[in-house]
Structures are given as C-alpha cells and as structure tokens.
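Comments concern the structure below.
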Amino acid sequence: MPSITCPYCFATVERERIAFRCAGSPGRGPGCTPRLDERLAAYTGSAAAASLPPVFGPPEPPARLRIGRAPARRAVCPECGQTTARRACPECHNPLPAAYCETPGKIVALVGAKNSGKSTYIAVLLHELSHRIGAELGTSLVACDDRTIERYKRDFHRPLFGERRLLPATASAVTTPRDPLVYLLTRTRRRRLRQRDMSLTLVLFDTAGEDLRSRDVTDLHLRYLAAADAIIFLVDPVELKTGNGDPDGDPVNVIARVTELLRAGRDVPHGRRLPVPAAVALTKIDALPLDGALRRHPERSDVLDLDDREAVHEQVRALLHDWQAGELDRYLGHEYAEYGLFGVSALGGVPRDGAVGTGGIRPYRVEDPLLWLLYRFGMLDEARG
Ligand SMILES: Nc1nc2c(ncn2[C@@H]2O[C@H](COP(=O)(O)OP(=O)(O)OP(=O)(O)O)[C@@H](O)[C@H]2O)c(=O)[nH]1
Ligand SMILES: [Mg+2]
Ligand SMILES: [Zn+2]
Ligand SMILES: [Zn+2]
C-alpha cells in the first residue's frame, strides 16, 4: 500500500488515511468556525496558531471499490457539508500539500555542529532558491504552511536581508520547542513531448548545534533523521583546521553521532554503507585563501556540471588532508555509499561587528549541494565542461 512520510511528524501515513481539514467559511456559505486543534497545538507547542476549522477522516469508499482505488482528493465535511481539498496529517494535523500526497517527495535533512553556519545557510539558500537559482533551475519553492512563511520572514529574512545583522545563536530545543521549516521544491522536467513534475521536500530544522550532541537529541529529531532521504552536513573549516576545545562541537564527532542515528533509524548494520546520499559542505569558504575549482564561478545551474563537481570534490578532499582531517574523508567513504564534498559561502565575505560586511550578501556556491542531490534523485541532467 503506497504511503507517505509526514514532513512534520515523520509518521508513515498510508495514502488512504490522509485526513482533511474543513475549508471553513471563506466569505460565503455556512462553513465550520475555527476552534482549538489540540493535536496541532501539541505539535507546535502553542495554541495561538492552532485555531482552525476541524480535521476529519477520509471518506469511506464502498467496500467493493476499496482495492486499488486512488485516495480521495476532496471530501465533504461531515459537520457543515462543504467540500474541501485541504489535506492534513492524521497524526499531527499539519497540512499536507496536494503535490506531496500525489508524488511523495524526498526529505532532505540539514545538520551541523554549533556555529557551523546552519541558520545563515538556511536563510541564504531559501532566498536564492526563491530568486536567482530558482529562476535558473526552473523550480518553484512553496512553503507548506503559514508558520513556515512567518518564521522565515521573522527569524531569517528580516534580520539578515532587511537589517543586515548576523543571526543570533539558535536557542536549544530544550528551552524553545521547534518545528521545521517545510518547503516543496518542484521542478518540471521536459523530455521531448512529455513533461513531468518532480518534487523535493526540504525539511529544515534549524537546530542549535549543541542539540545534536548526545542525550539532548529530541524524539522528533530522531524521527527526522530516520526519515531523511538525503543529508547535508555543514562544517566550519576553521573549526576543522584548528579543532579547539569542546569535543562535542567537533565536526567529526557531530557527523559520527548523526551517522549512528541514521543507522539506528534505518536499521542499517555496521559494515554496510548507508544508502542515504551525504553532501558534506565546508561553510564560510570566503574566509579561506582559495584557488582552483572552488574559486571559479560555476557557469550554469540548470544542469550538474560533472567536471566542476569532480574538481571541487577533489579540492575539498585535498584540503581535508592538508588539515589533518583526512580521517573525515575516510570515515565518509566507509559509512556512506555516496558522498560529495563541497565548499560554500552564504555571506560571500567576512562579517564585521555582528553585521554583514560592506559588500553585502554575495552567496557563493550555496546551491551546489542541492544541485548534486537533485541530480542524484533524477531531477536534474548532467553535463560535461
Ligand atoms: N565568513 C563567513 N562567516 C560566516 C558565514 N556564515 C556564517 N558565518 C559566521 O558564523 C557565525 C555562526 O553562523 P550561524 O549561521 O549562526 O551558525 P549556526 O550553525 O546556526 O550556529 P548555532 O545556531 O549556534 O548552532 C555567524 O555569526 C558568522 O559570524 C559565511 O558565509 N562567511
Ligand atoms: Mg543557528
Ligand atoms: Zn504528521
Ligand atoms: Zn466544516
């Protein structure tokens, strides 16, 4: 029975079980009035955004039609009789976009040690995807719920792009409960006369680095990692080079820890490599003296340039060996069936006094890990040179 994974609570939901939410009263007709949705409130940790028309189960098909029947796209609210197309997870009551229900997207997870640049990368990557890169790639990026839109504006876009301030350190989930930003990235592939939409679900948990350490990993986070179809690790090259202090903040330890969680979540025994593609990106490369492939601006972002990809991978690998971090490269080779090494800069310049540098935000190669994953998932073509 085909099923999907809820990108909010990561429950496995058979498509027949996907619930509906009443459309309420958008102006005309007697729709249901908003009321407290306790499941959603429990998930978000706040009752404020959980006053909505009710969720109800899918319509029961007649028994003789049950087998092989596509799940309903619409249902009639049993309380007010209106038809609704809004679907919701039966477990956590978060909205499930129609495109996601039809072609279950891939879940991409993003992790990194404290101060590795996660929040800044998320802010800039999403901005790029909805502007330049999105246009070049021919993708559309759509937030899957209103909270995602509000939080992106308030916590990422406004401070960084509006006020040009650096983002504050992310508070630990132990004190501030957090749910992910969920986006659907859709790309239409045209091949001769046929065209097909494919989508990728970007589930971005902006974690506090310290929460990935050990006992503090939340249950929701464990399920997130268990459900991920691909993972992006962010690594601060300065931390890797100097390796000062806190072993819990050490990038290699964080990667090893998360890798163990991935194994446990997917039941992959030691000795077998994980089938989840891992993109490992050095962040803040504007702060490194660079030459070679990493300095060149890639020419196109509507295809994966394999020559560029190989050159960058080899250059980052050489850097790791120079920094006595060859262990990380070997570790990835043992643990992952496919991994790629990257170098990115979200800001494109060194910040000063808590603010973006005078040149503004000039992102550099931030899309590379994503292009590689799109290619791996068959959503992007390859090219040479
Ligand atoms: N030079 C340079 N510095 C950066 C870049 N991105 C982030 N930084 C620096 O790294 C610091 C931490 O970045 P964050 O994005 O807050 O890192 P984080 O991983 O979210 O940190 P926690 O939330 O504490 O785990 C920033 O305050 C900047 O000083 C970049 O592209 N270039
Ligand atoms: Mg952060
Ligand atoms: Zn759910
Ligand atoms: Zn209703």
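Going through the structure tokens in order, the chains are called A, B, and so on, while each chain numbers its residues from 1 and the ligands are numbered from 1 in the order shown.
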Query raised in the report: Glu367 of chain A: which residues within 8 Å, counting only C-alpha atoms, same-chain residues fewer than 4 positions away excluded, as a list of chain:residue names?
Result: A:Leu125, A:Ile133, A:Leu371
Report task. Give the strand (DSSP E) residues of segment 98-196 of chain A, as assigned by DSSP on the backbone, as a list in words. Result -> Lys106, Ile107, Val108, Ala109, Leu110, Val111, Gly112, Thr139, Ser140, Leu141, Val142, Ala143, Leu181, Val182, Tyr183, Leu184, Leu185, Thr186, Arg187, Thr188, Arg189, Arg190, Arg191, Arg194, Gln195 and Arg196 of chain A
Query - Shell around segment 46-53 of chain A at 7 Å using only C-alpha atoms, local window under 5 positions removed, as a PyMOL selection string - result: chain A and resi 21-24+32-37+40-41
How would the residues just chosen look if you wrote them out with C-alpha atoms as a PDB file, in the first residue's frame?
```pdb
ATOM      1  CA  ARG A  21      -9.426  19.918   7.094  1.00  0.00           C
ATOM      2  CA  CYS A  22     -12.687  21.771   6.624  1.00  0.00           C
ATOM      3  CA  ALA A  23     -12.213  24.863   4.435  1.00  0.00           C
ATOM      4  CA  GLY A  24     -14.109  26.936   6.989  1.00  0.00           C
ATOM      5  CA  CYS A  32     -17.269  25.442  10.270  1.00  0.00           C
ATOM      6  CA  THR A  33     -15.933  28.016  12.700  1.00  0.00           C
ATOM      7  CA  PRO A  34     -12.313  27.856  13.883  1.00  0.00           C
ATOM      8  CA  ARG A  35     -11.683  26.054  17.151  1.00  0.00           C
ATOM      9  CA  LEU A  36      -8.668  24.842  19.086  1.00  0.00           C
ATOM     10  CA  ASP A  37      -6.941  21.966  17.292  1.00  0.00           C
ATOM     11  CA  LEU A  40      -1.699  20.764  16.171  1.00  0.00           C
ATOM     12  CA  ALA A  41      -1.259  22.816  19.341  1.00  0.00           C
TER      13      ALA A  41
END
```
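Take the candidates A:Leu129, A:Glu136, A:Leu319, A:Tyr152 and check each one against Glu299 of chain A using only C-alpha atoms; the shortest distance goes to A:Glu136.
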Requested in this report: Please give me, as a VMD selection string, the residues lying within 10 Å of ligand 1 when counting only C-alpha atoms and all ligand atoms.
Outcome: chain A and resid 111 to 124 156 165 to 172 206 to 212 234 to 236 249 282 to 288 344 to 357 361 to 364 366
Query raised in the report: Using only C-alpha atoms and all ligand atoms, which of A:Leu341, A:Ala173, A:Ala109, A:Pro7 sits nearest ligand 2?
Result: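 Among the listed residues, the smallest separation from ligand 2 belongs to A:Ala173.
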Query raised in the report: Of the candidates A:Cys89, A:Ile18, A:Leu110, A:Leu328, which shows the shortest atom-to-atom distance to ligand 2, using only C-alpha atoms and all ligand atoms?
Result: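 Closest to ligand 2 of all the choices is A:Leu110.
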Taking only residues of segment 40-112 of chain A that have an atom at most 8 Å from an atom of segment 10-17 of chain A, what is each one's shortest atom pair and its distance in Å to one decimal, using only C-alpha atoms, in chain and number order, as a tab-separated table?
```
residue	atom	partner	partner_atom	distance
A:Gly57	CA	A:Arg17	CA	7.2
A:Pro58	CA	A:Arg17	CA	6.3
A:Ala70	CA	A:Glu16	CA	7.8
A:Pro71	CA	A:Glu16	CA	5.1
A:Ala72	CA	A:Glu16	CA	7.7
A:Cys89	CA	A:Val13	CA	7.6
A:Pro90	CA	A:Arg17	CA	7.1
A:Glu91	CA	A:Ala11	CA	7.2
A:Cys101	CA	A:Arg15	CA	7.2
```
Query - Residues within 12 Å of Val182 of chain A, only C-alpha atoms, excluding chain neighbours under 3 positions, as a ChimeraX atom specification - result: /A:6-9,94-97,100,105-109,122,126,141-152,179,185,200-206
Query raised in the report: When distances are computed from only C-alpha atoms and all ligand atoms, which of A:Asp155, A:Ala75, A:Glu239, A:Ala264 shows the smallest separation from ligand 2?
Result: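 Closest candidate: A:Asp155.
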Report task. Identify, on the basis of only C-alpha atoms, every residue whose closest approach to Arg191 of chain A does not exceed 12 Å; exclude the query and any residue fewer than 4 positions from it along the same chain; express the result as a ChimeraX atom specification. Result -> /A:195-197,379-381
**Report entry** All residues 7 Å or closer to Thr139 of chain A, only C-alpha atoms, same chain fewer than 2 positions away omitted, as a PyMOL selection string
**Finding:** chain A and resi 134-135+137+141+185-187
Can you write just those residues out, N, CA, C and O atoms, as a PDB file, in the first residue's frame?
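Output below, filename selection04.pdb:
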```
ATOM      1  N   GLY A 134      16.408  29.688  -8.315  1.00  0.00           N
ATOM      2  CA  GLY A 134      15.110  29.136  -8.673  1.00  0.00           C
ATOM      3  C   GLY A 134      14.771  29.444 -10.119  1.00  0.00           C
ATOM      4  O   GLY A 134      14.279  28.588 -10.860  1.00  0.00           O
ATOM      5  N   ALA A 135      15.065  30.685 -10.556  1.00  0.00           N
ATOM      6  CA  ALA A 135      14.761  31.075 -11.929  1.00  0.00           C
ATOM      7  C   ALA A 135      15.640  30.283 -12.902  1.00  0.00           C
ATOM      8  O   ALA A 135      15.158  29.789 -13.925  1.00  0.00           O
ATOM      9  N   LEU A 137      17.082  27.384 -12.458  1.00  0.00           N
ATOM     10  CA  LEU A 137      16.759  25.960 -12.403  1.00  0.00           C
ATOM     11  C   LEU A 137      15.374  25.640 -12.931  1.00  0.00           C
ATOM     12  O   LEU A 137      15.070  24.498 -13.242  1.00  0.00           O
ATOM     13  N   LEU A 141       9.481  27.197  -5.383  1.00  0.00           N
ATOM     14  CA  LEU A 141       9.645  26.873  -3.976  1.00  0.00           C
ATOM     15  C   LEU A 141       8.410  27.377  -3.248  1.00  0.00           C
ATOM     16  O   LEU A 141       8.101  28.564  -3.291  1.00  0.00           O
ATOM     17  N   LEU A 185       9.923  21.894  -3.202  1.00  0.00           N
ATOM     18  CA  LEU A 185      10.670  22.416  -4.352  1.00  0.00           C
ATOM     19  C   LEU A 185      10.265  21.567  -5.548  1.00  0.00           C
ATOM     20  O   LEU A 185      10.531  20.363  -5.580  1.00  0.00           O
ATOM     21  N   THR A 186       9.613  22.192  -6.505  1.00  0.00           N
ATOM     22  CA  THR A 186       9.085  21.416  -7.632  1.00  0.00           C
ATOM     23  C   THR A 186       9.771  21.826  -8.917  1.00  0.00           C
ATOM     24  O   THR A 186      10.034  23.011  -9.146  1.00  0.00           O
ATOM     25  N   ARG A 187      10.095  20.849  -9.711  1.00  0.00           N
ATOM     26  CA  ARG A 187      10.762  21.124 -10.985  1.00  0.00           C
ATOM     27  C   ARG A 187      10.035  20.363 -12.075  1.00  0.00           C
ATOM     28  O   ARG A 187       9.723  19.190 -11.927  1.00  0.00           O
TER      29      ARG A 187
END
```
Report task. Could you tell me which of A:Pro369, A:Pro30, A:Pro159, A:Pro180 comes closest to ligand 3 if we count only C-alpha atoms and all ligand atoms? Result ->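 Of A:Pro369, A:Pro30, A:Pro159, A:Pro180, the one nearest ligand 3 is A:Pro180, counting only C-alpha atoms and all ligand atoms.
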As a PDB file with all heavy atoms, in the first residue's frame, please: the residues near Asp291 of chain A (cut-off 12 Å, only C-alpha atoms, same-chain neighbours under 2 positions excluded).
```pdb
ATOM      1  N   ILE A 285      33.667  29.624   3.143  1.00  0.00           N
ATOM      2  CA  ILE A 285      34.922  29.494   2.395  1.00  0.00           C
ATOM      3  C   ILE A 285      35.447  30.839   1.911  1.00  0.00           C
ATOM      4  O   ILE A 285      36.586  30.926   1.456  1.00  0.00           O
ATOM      5  CB  ILE A 285      34.820  28.505   1.204  1.00  0.00           C
ATOM      6  CG1 ILE A 285      33.738  28.941   0.233  1.00  0.00           C
ATOM      7  CG2 ILE A 285      34.603  27.080   1.657  1.00  0.00           C
ATOM      8  CD1 ILE A 285      33.896  28.264  -1.117  1.00  0.00           C
ATOM      9  N   ASP A 286      34.620  31.893   2.046  1.00  0.00           N
ATOM     10  CA  ASP A 286      35.145  33.232   1.732  1.00  0.00           C
ATOM     11  C   ASP A 286      36.311  33.586   2.653  1.00  0.00           C
ATOM     12  O   ASP A 286      37.126  34.440   2.330  1.00  0.00           O
ATOM     13  CB  ASP A 286      34.024  34.266   1.902  1.00  0.00           C
ATOM     14  CG  ASP A 286      33.408  34.191   3.296  1.00  0.00           C
ATOM     15  OD1 ASP A 286      33.895  34.864   4.210  1.00  0.00           O
ATOM     16  OD2 ASP A 286      32.432  33.419   3.472  1.00  0.00           O
ATOM     17  N   LEU A 288      38.701  31.587   3.497  1.00  0.00           N
ATOM     18  CA  LEU A 288      39.894  30.796   3.195  1.00  0.00           C
ATOM     19  C   LEU A 288      40.603  31.370   1.979  1.00  0.00           C
ATOM     20  O   LEU A 288      39.957  31.862   1.060  1.00  0.00           O
ATOM     21  CB  LEU A 288      39.509  29.348   2.853  1.00  0.00           C
ATOM     22  CG  LEU A 288      38.744  28.519   3.871  1.00  0.00           C
ATOM     23  CD1 LEU A 288      38.375  27.180   3.253  1.00  0.00           C
ATOM     24  CD2 LEU A 288      39.579  28.313   5.124  1.00  0.00           C
ATOM     25  N   PRO A 289      41.925  31.296   1.958  1.00  0.00           N
ATOM     26  CA  PRO A 289      42.618  31.670   0.721  1.00  0.00           C
ATOM     27  C   PRO A 289      42.451  30.530  -0.278  1.00  0.00           C
ATOM     28  O   PRO A 289      42.910  29.431  -0.026  1.00  0.00           O
ATOM     29  CB  PRO A 289      44.080  31.789   1.179  1.00  0.00           C
ATOM     30  CG  PRO A 289      44.188  30.982   2.426  1.00  0.00           C
ATOM     31  CD  PRO A 289      42.823  30.804   3.002  1.00  0.00           C
ATOM     32  N   ALA A 293      39.324  25.102  -8.487  1.00  0.00           N
ATOM     33  CA  ALA A 293      37.905  24.997  -8.850  1.00  0.00           C
ATOM     34  C   ALA A 293      37.007  25.783  -7.902  1.00  0.00           C
ATOM     35  O   ALA A 293      36.025  26.391  -8.319  1.00  0.00           O
ATOM     36  CB  ALA A 293      37.487  23.527  -8.861  1.00  0.00           C
ATOM     37  N   LEU A 294      37.346  25.782  -6.631  1.00  0.00           N
ATOM     38  CA  LEU A 294      36.483  26.448  -5.656  1.00  0.00           C
ATOM     39  C   LEU A 294      36.387  27.952  -5.875  1.00  0.00           C
ATOM     40  O   LEU A 294      35.499  28.605  -5.357  1.00  0.00           O
ATOM     41  CB  LEU A 294      36.981  26.174  -4.236  1.00  0.00           C
ATOM     42  CG  LEU A 294      36.422  24.929  -3.549  1.00  0.00           C
ATOM     43  CD1 LEU A 294      37.040  24.768  -2.180  1.00  0.00           C
ATOM     44  CD2 LEU A 294      34.906  24.982  -3.444  1.00  0.00           C
ATOM     45  N   ARG A 295      37.343  28.505  -6.588  1.00  0.00           N
ATOM     46  CA  ARG A 295      37.320  29.942  -6.854  1.00  0.00           C
ATOM     47  C   ARG A 295      36.482  30.311  -8.055  1.00  0.00           C
ATOM     48  O   ARG A 295      36.054  31.440  -8.197  1.00  0.00           O
ATOM     49  CB  ARG A 295      38.742  30.434  -7.122  1.00  0.00           C
ATOM     50  CG  ARG A 295      39.421  30.967  -5.925  1.00  0.00           C
ATOM     51  CD  ARG A 295      40.566  31.800  -6.376  1.00  0.00           C
ATOM     52  NE  ARG A 295      40.095  33.086  -6.869  1.00  0.00           N
ATOM     53  CZ  ARG A 295      40.705  34.213  -6.555  1.00  0.00           C
ATOM     54  NH1 ARG A 295      41.764  34.201  -5.794  1.00  0.00           N
ATOM     55  NH2 ARG A 295      40.259  35.345  -7.037  1.00  0.00           N
ATOM     56  N   ARG A 296      36.358  29.350  -8.955  1.00  0.00           N
ATOM     57  CA  ARG A 296      35.618  29.623 -10.195  1.00  0.00           C
ATOM     58  C   ARG A 296      34.127  29.681  -9.916  1.00  0.00           C
ATOM     59  O   ARG A 296      33.597  28.894  -9.155  1.00  0.00           O
ATOM     60  CB  ARG A 296      35.832  28.476 -11.189  1.00  0.00           C
ATOM     61  CG  ARG A 296      37.078  28.537 -11.990  1.00  0.00           C
ATOM     62  CD  ARG A 296      36.936  27.644 -13.219  1.00  0.00           C
ATOM     63  NE  ARG A 296      36.514  26.279 -12.900  1.00  0.00           N
ATOM     64  CZ  ARG A 296      37.343  25.277 -12.674  1.00  0.00           C
ATOM     65  NH1 ARG A 296      38.644  25.467 -12.686  1.00  0.00           N
ATOM     66  NH2 ARG A 296      36.873  24.067 -12.402  1.00  0.00           N
ATOM     67  N   HIS A 297      33.477  30.589 -10.585  1.00  0.00           N
ATOM     68  CA  HIS A 297      32.018  30.588 -10.522  1.00  0.00           C
ATOM     69  C   HIS A 297      31.501  29.538 -11.482  1.00  0.00           C
ATOM     70  O   HIS A 297      31.866  29.557 -12.642  1.00  0.00           O
ATOM     71  CB  HIS A 297      31.460  31.954 -10.913  1.00  0.00           C
ATOM     72  CG  HIS A 297      31.297  32.853  -9.737  1.00  0.00           C
ATOM     73  ND1 HIS A 297      30.175  32.821  -8.943  1.00  0.00           N
ATOM     74  CD2 HIS A 297      32.110  33.775  -9.200  1.00  0.00           C
ATOM     75  CE1 HIS A 297      30.311  33.706  -7.975  1.00  0.00           C
ATOM     76  NE2 HIS A 297      31.477  34.294  -8.099  1.00  0.00           N
ATOM     77  N   ALA A 311      36.071  18.288  -9.723  1.00  0.00           N
ATOM     78  CA  ALA A 311      37.198  19.155  -9.347  1.00  0.00           C
ATOM     79  C   ALA A 311      37.003  19.704  -7.932  1.00  0.00           C
ATOM     80  O   ALA A 311      37.944  19.744  -7.133  1.00  0.00           O
ATOM     81  CB  ALA A 311      37.327  20.295 -10.354  1.00  0.00           C
ATOM     82  N   VAL A 312      35.779  20.130  -7.604  1.00  0.00           N
ATOM     83  CA  VAL A 312      35.525  20.668  -6.267  1.00  0.00           C
ATOM     84  C   VAL A 312      35.692  19.562  -5.215  1.00  0.00           C
ATOM     85  O   VAL A 312      36.327  19.754  -4.178  1.00  0.00           O
ATOM     86  CB  VAL A 312      34.115  21.313  -6.179  1.00  0.00           C
ATOM     87  CG1 VAL A 312      33.735  21.602  -4.736  1.00  0.00           C
ATOM     88  CG2 VAL A 312      34.066  22.592  -7.004  1.00  0.00           C
ATOM     89  N   GLN A 315      39.289  18.950  -4.652  1.00  0.00           N
ATOM     90  CA  GLN A 315      39.959  20.055  -3.972  1.00  0.00           C
ATOM     91  C   GLN A 315      39.631  20.062  -2.477  1.00  0.00           C
ATOM     92  O   GLN A 315      40.510  20.270  -1.635  1.00  0.00           O
ATOM     93  CB  GLN A 315      39.571  21.394  -4.608  1.00  0.00           C
ATOM     94  CG  GLN A 315      40.424  22.536  -4.072  1.00  0.00           C
ATOM     95  CD  GLN A 315      40.065  23.871  -4.688  1.00  0.00           C
ATOM     96  OE1 GLN A 315      39.192  23.966  -5.553  1.00  0.00           O
ATOM     97  NE2 GLN A 315      40.752  24.913  -4.235  1.00  0.00           N
ATOM     98  N   VAL A 316      38.370  19.833  -2.145  1.00  0.00           N
ATOM     99  CA  VAL A 316      37.987  19.820  -0.726  1.00  0.00           C
ATOM    100  C   VAL A 316      38.652  18.629  -0.037  1.00  0.00           C
ATOM    101  O   VAL A 316      39.157  18.742   1.087  1.00  0.00           O
ATOM    102  CB  VAL A 316      36.453  19.780  -0.554  1.00  0.00           C
ATOM    103  CG1 VAL A 316      36.067  19.607   0.908  1.00  0.00           C
ATOM    104  CG2 VAL A 316      35.825  21.050  -1.112  1.00  0.00           C
ATOM    105  N   LEU A 319      42.078  19.566   0.765  1.00  0.00           N
ATOM    106  CA  LEU A 319      42.111  20.473   1.916  1.00  0.00           C
ATOM    107  C   LEU A 319      41.987  19.687   3.218  1.00  0.00           C
ATOM    108  O   LEU A 319      42.712  19.935   4.187  1.00  0.00           O
ATOM    109  CB  LEU A 319      40.966  21.485   1.836  1.00  0.00           C
ATOM    110  CG  LEU A 319      41.108  22.633   0.833  1.00  0.00           C
ATOM    111  CD1 LEU A 319      39.820  23.434   0.749  1.00  0.00           C
ATOM    112  CD2 LEU A 319      42.266  23.549   1.238  1.00  0.00           C
TER     113      LEU A 319
END
```
Query raised in the report: So which residues of segment 87-334 of chain A fall under alpha helix (DSSP H) by DSSP, listed as a VMD selection string?
Result: chain A and resid 98 to 102 118 to 129 132 to 137 146 to 151 219 to 227 237 to 242 251 to 266 306 to 322 326 to 334
Now that the selection is made, can you save its residues with C-alpha atoms as a CSV table (one decimal), in the first residue's frame?
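The new file result19.csv reads:
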```
chain,number,residue,atom,x,y,z
A,98,ALA,CA,-1.6,18.1,-2.7
A,99,ALA,CA,1.6,17.7,-4.8
A,100,TYR,CA,3.3,15.9,-1.9
A,101,CYS,CA,0.4,13.5,-1.5
A,102,GLU,CA,0.5,12.5,-5.1
A,118,LYS,CA,23.4,26.5,9.6
A,119,SER,CA,21.0,29.4,10.3
A,120,THR,CA,22.8,31.7,7.9
A,121,TYR,CA,22.9,28.9,5.2
A,122,ILE,CA,19.2,28.2,5.6
A,123,ALA,CA,18.4,32.0,5.3
A,124,VAL,CA,20.5,32.4,2.2
A,125,LEU,CA,19.7,29.2,0.4
A,126,LEU,CA,16.0,29.8,0.7
A,127,HIS,CA,16.4,33.3,-0.5
A,128,GLU,CA,18.5,32.2,-3.5
A,129,LEU,CA,16.0,29.4,-4.3
A,132,ARG,CA,18.2,33.7,-8.9
A,133,ILE,CA,18.8,30.0,-8.6
A,134,GLY,CA,15.1,29.1,-8.7
A,135,ALA,CA,14.8,31.1,-11.9
A,136,GLU,CA,17.8,29.4,-13.5
A,137,LEU,CA,16.8,26.0,-12.4
A,146,ASP,CA,1.8,29.5,7.2
A,147,ARG,CA,4.1,29.1,10.2
A,148,THR,CA,7.0,28.4,7.8
A,149,ILE,CA,6.3,31.7,5.9
A,150,GLU,CA,6.1,33.7,9.1
A,151,ARG,CA,9.1,32.2,10.7
A,219,ASP,CA,12.5,12.4,19.7
A,220,LEU,CA,11.2,14.4,16.8
A,221,HIS,CA,14.7,15.0,15.6
A,222,LEU,CA,15.4,11.3,15.7
A,223,ARG,CA,12.5,10.6,13.5
A,224,TYR,CA,13.6,13.4,11.2
A,225,LEU,CA,17.0,11.7,10.7
A,226,ALA,CA,15.4,8.3,10.3
A,227,ALA,CA,13.1,9.6,7.6
A,237,PRO,CA,36.5,24.8,8.1
A,238,VAL,CA,38.2,26.9,10.8
A,239,GLU,CA,36.9,24.6,13.5
A,240,LEU,CA,38.1,21.6,11.4
A,241,LYS,CA,41.6,23.2,11.0
A,242,THR,CA,42.2,24.3,14.5
A,251,PRO,CA,32.6,18.5,13.3
A,252,VAL,CA,33.8,14.9,13.0
A,253,ASN,CA,32.1,13.9,16.3
A,254,VAL,CA,28.8,15.5,15.2
A,255,ILE,CA,28.9,13.7,11.8
A,256,ALA,CA,29.7,10.4,13.5
A,257,ARG,CA,26.9,10.9,16.0
A,258,VAL,CA,24.4,11.7,13.4
A,259,THR,CA,25.6,8.8,11.2
A,260,GLU,CA,24.9,6.5,14.2
A,261,LEU,CA,21.4,7.9,14.5
A,262,LEU,CA,20.8,7.4,10.8
A,263,ARG,CA,21.9,3.8,11.0
A,264,ALA,CA,19.7,3.1,14.0
A,265,GLY,CA,16.8,4.8,12.4
A,266,ARG,CA,17.1,2.8,9.2
A,306,LEU,CA,30.3,16.8,-13.7
A,307,ASP,CA,33.7,18.2,-14.4
A,308,ASP,CA,33.2,21.0,-11.9
A,309,ARG,CA,31.7,18.6,-9.4
A,310,GLU,CA,34.7,16.3,-9.5
A,311,ALA,CA,37.2,19.2,-9.3
A,312,VAL,CA,35.5,20.7,-6.3
A,313,HIS,CA,35.2,17.3,-4.6
A,314,GLU,CA,38.9,16.6,-5.1
A,315,GLN,CA,40.0,20.1,-4.0
A,316,VAL,CA,38.0,19.8,-0.7
A,317,ARG,CA,39.4,16.3,-0.2
A,318,ALA,CA,42.9,17.7,-0.6
A,319,LEU,CA,42.1,20.5,1.9
A,320,LEU,CA,40.9,17.9,4.5
A,321,HIS,CA,44.1,16.0,4.1
A,322,ASP,CA,46.2,19.2,4.5
A,326,GLY,CA,41.7,13.0,6.2
A,327,GLU,CA,40.1,10.9,8.8
A,328,LEU,CA,36.8,12.6,8.0
A,329,ASP,CA,37.1,11.7,4.3
A,330,ARG,CA,37.9,8.0,5.1
A,331,TYR,CA,35.0,7.9,7.6
A,332,LEU,CA,32.6,9.1,5.0
A,333,GLY,CA,33.9,6.6,2.5
A,334,HIS,CA,33.3,3.8,5.0
```
Query raised in the report: What does the distance from atom CA of Glu79 of chain A to atom CA of Gly45 of chain A come to in Å, to one decimal?
Result: 27.0 Å
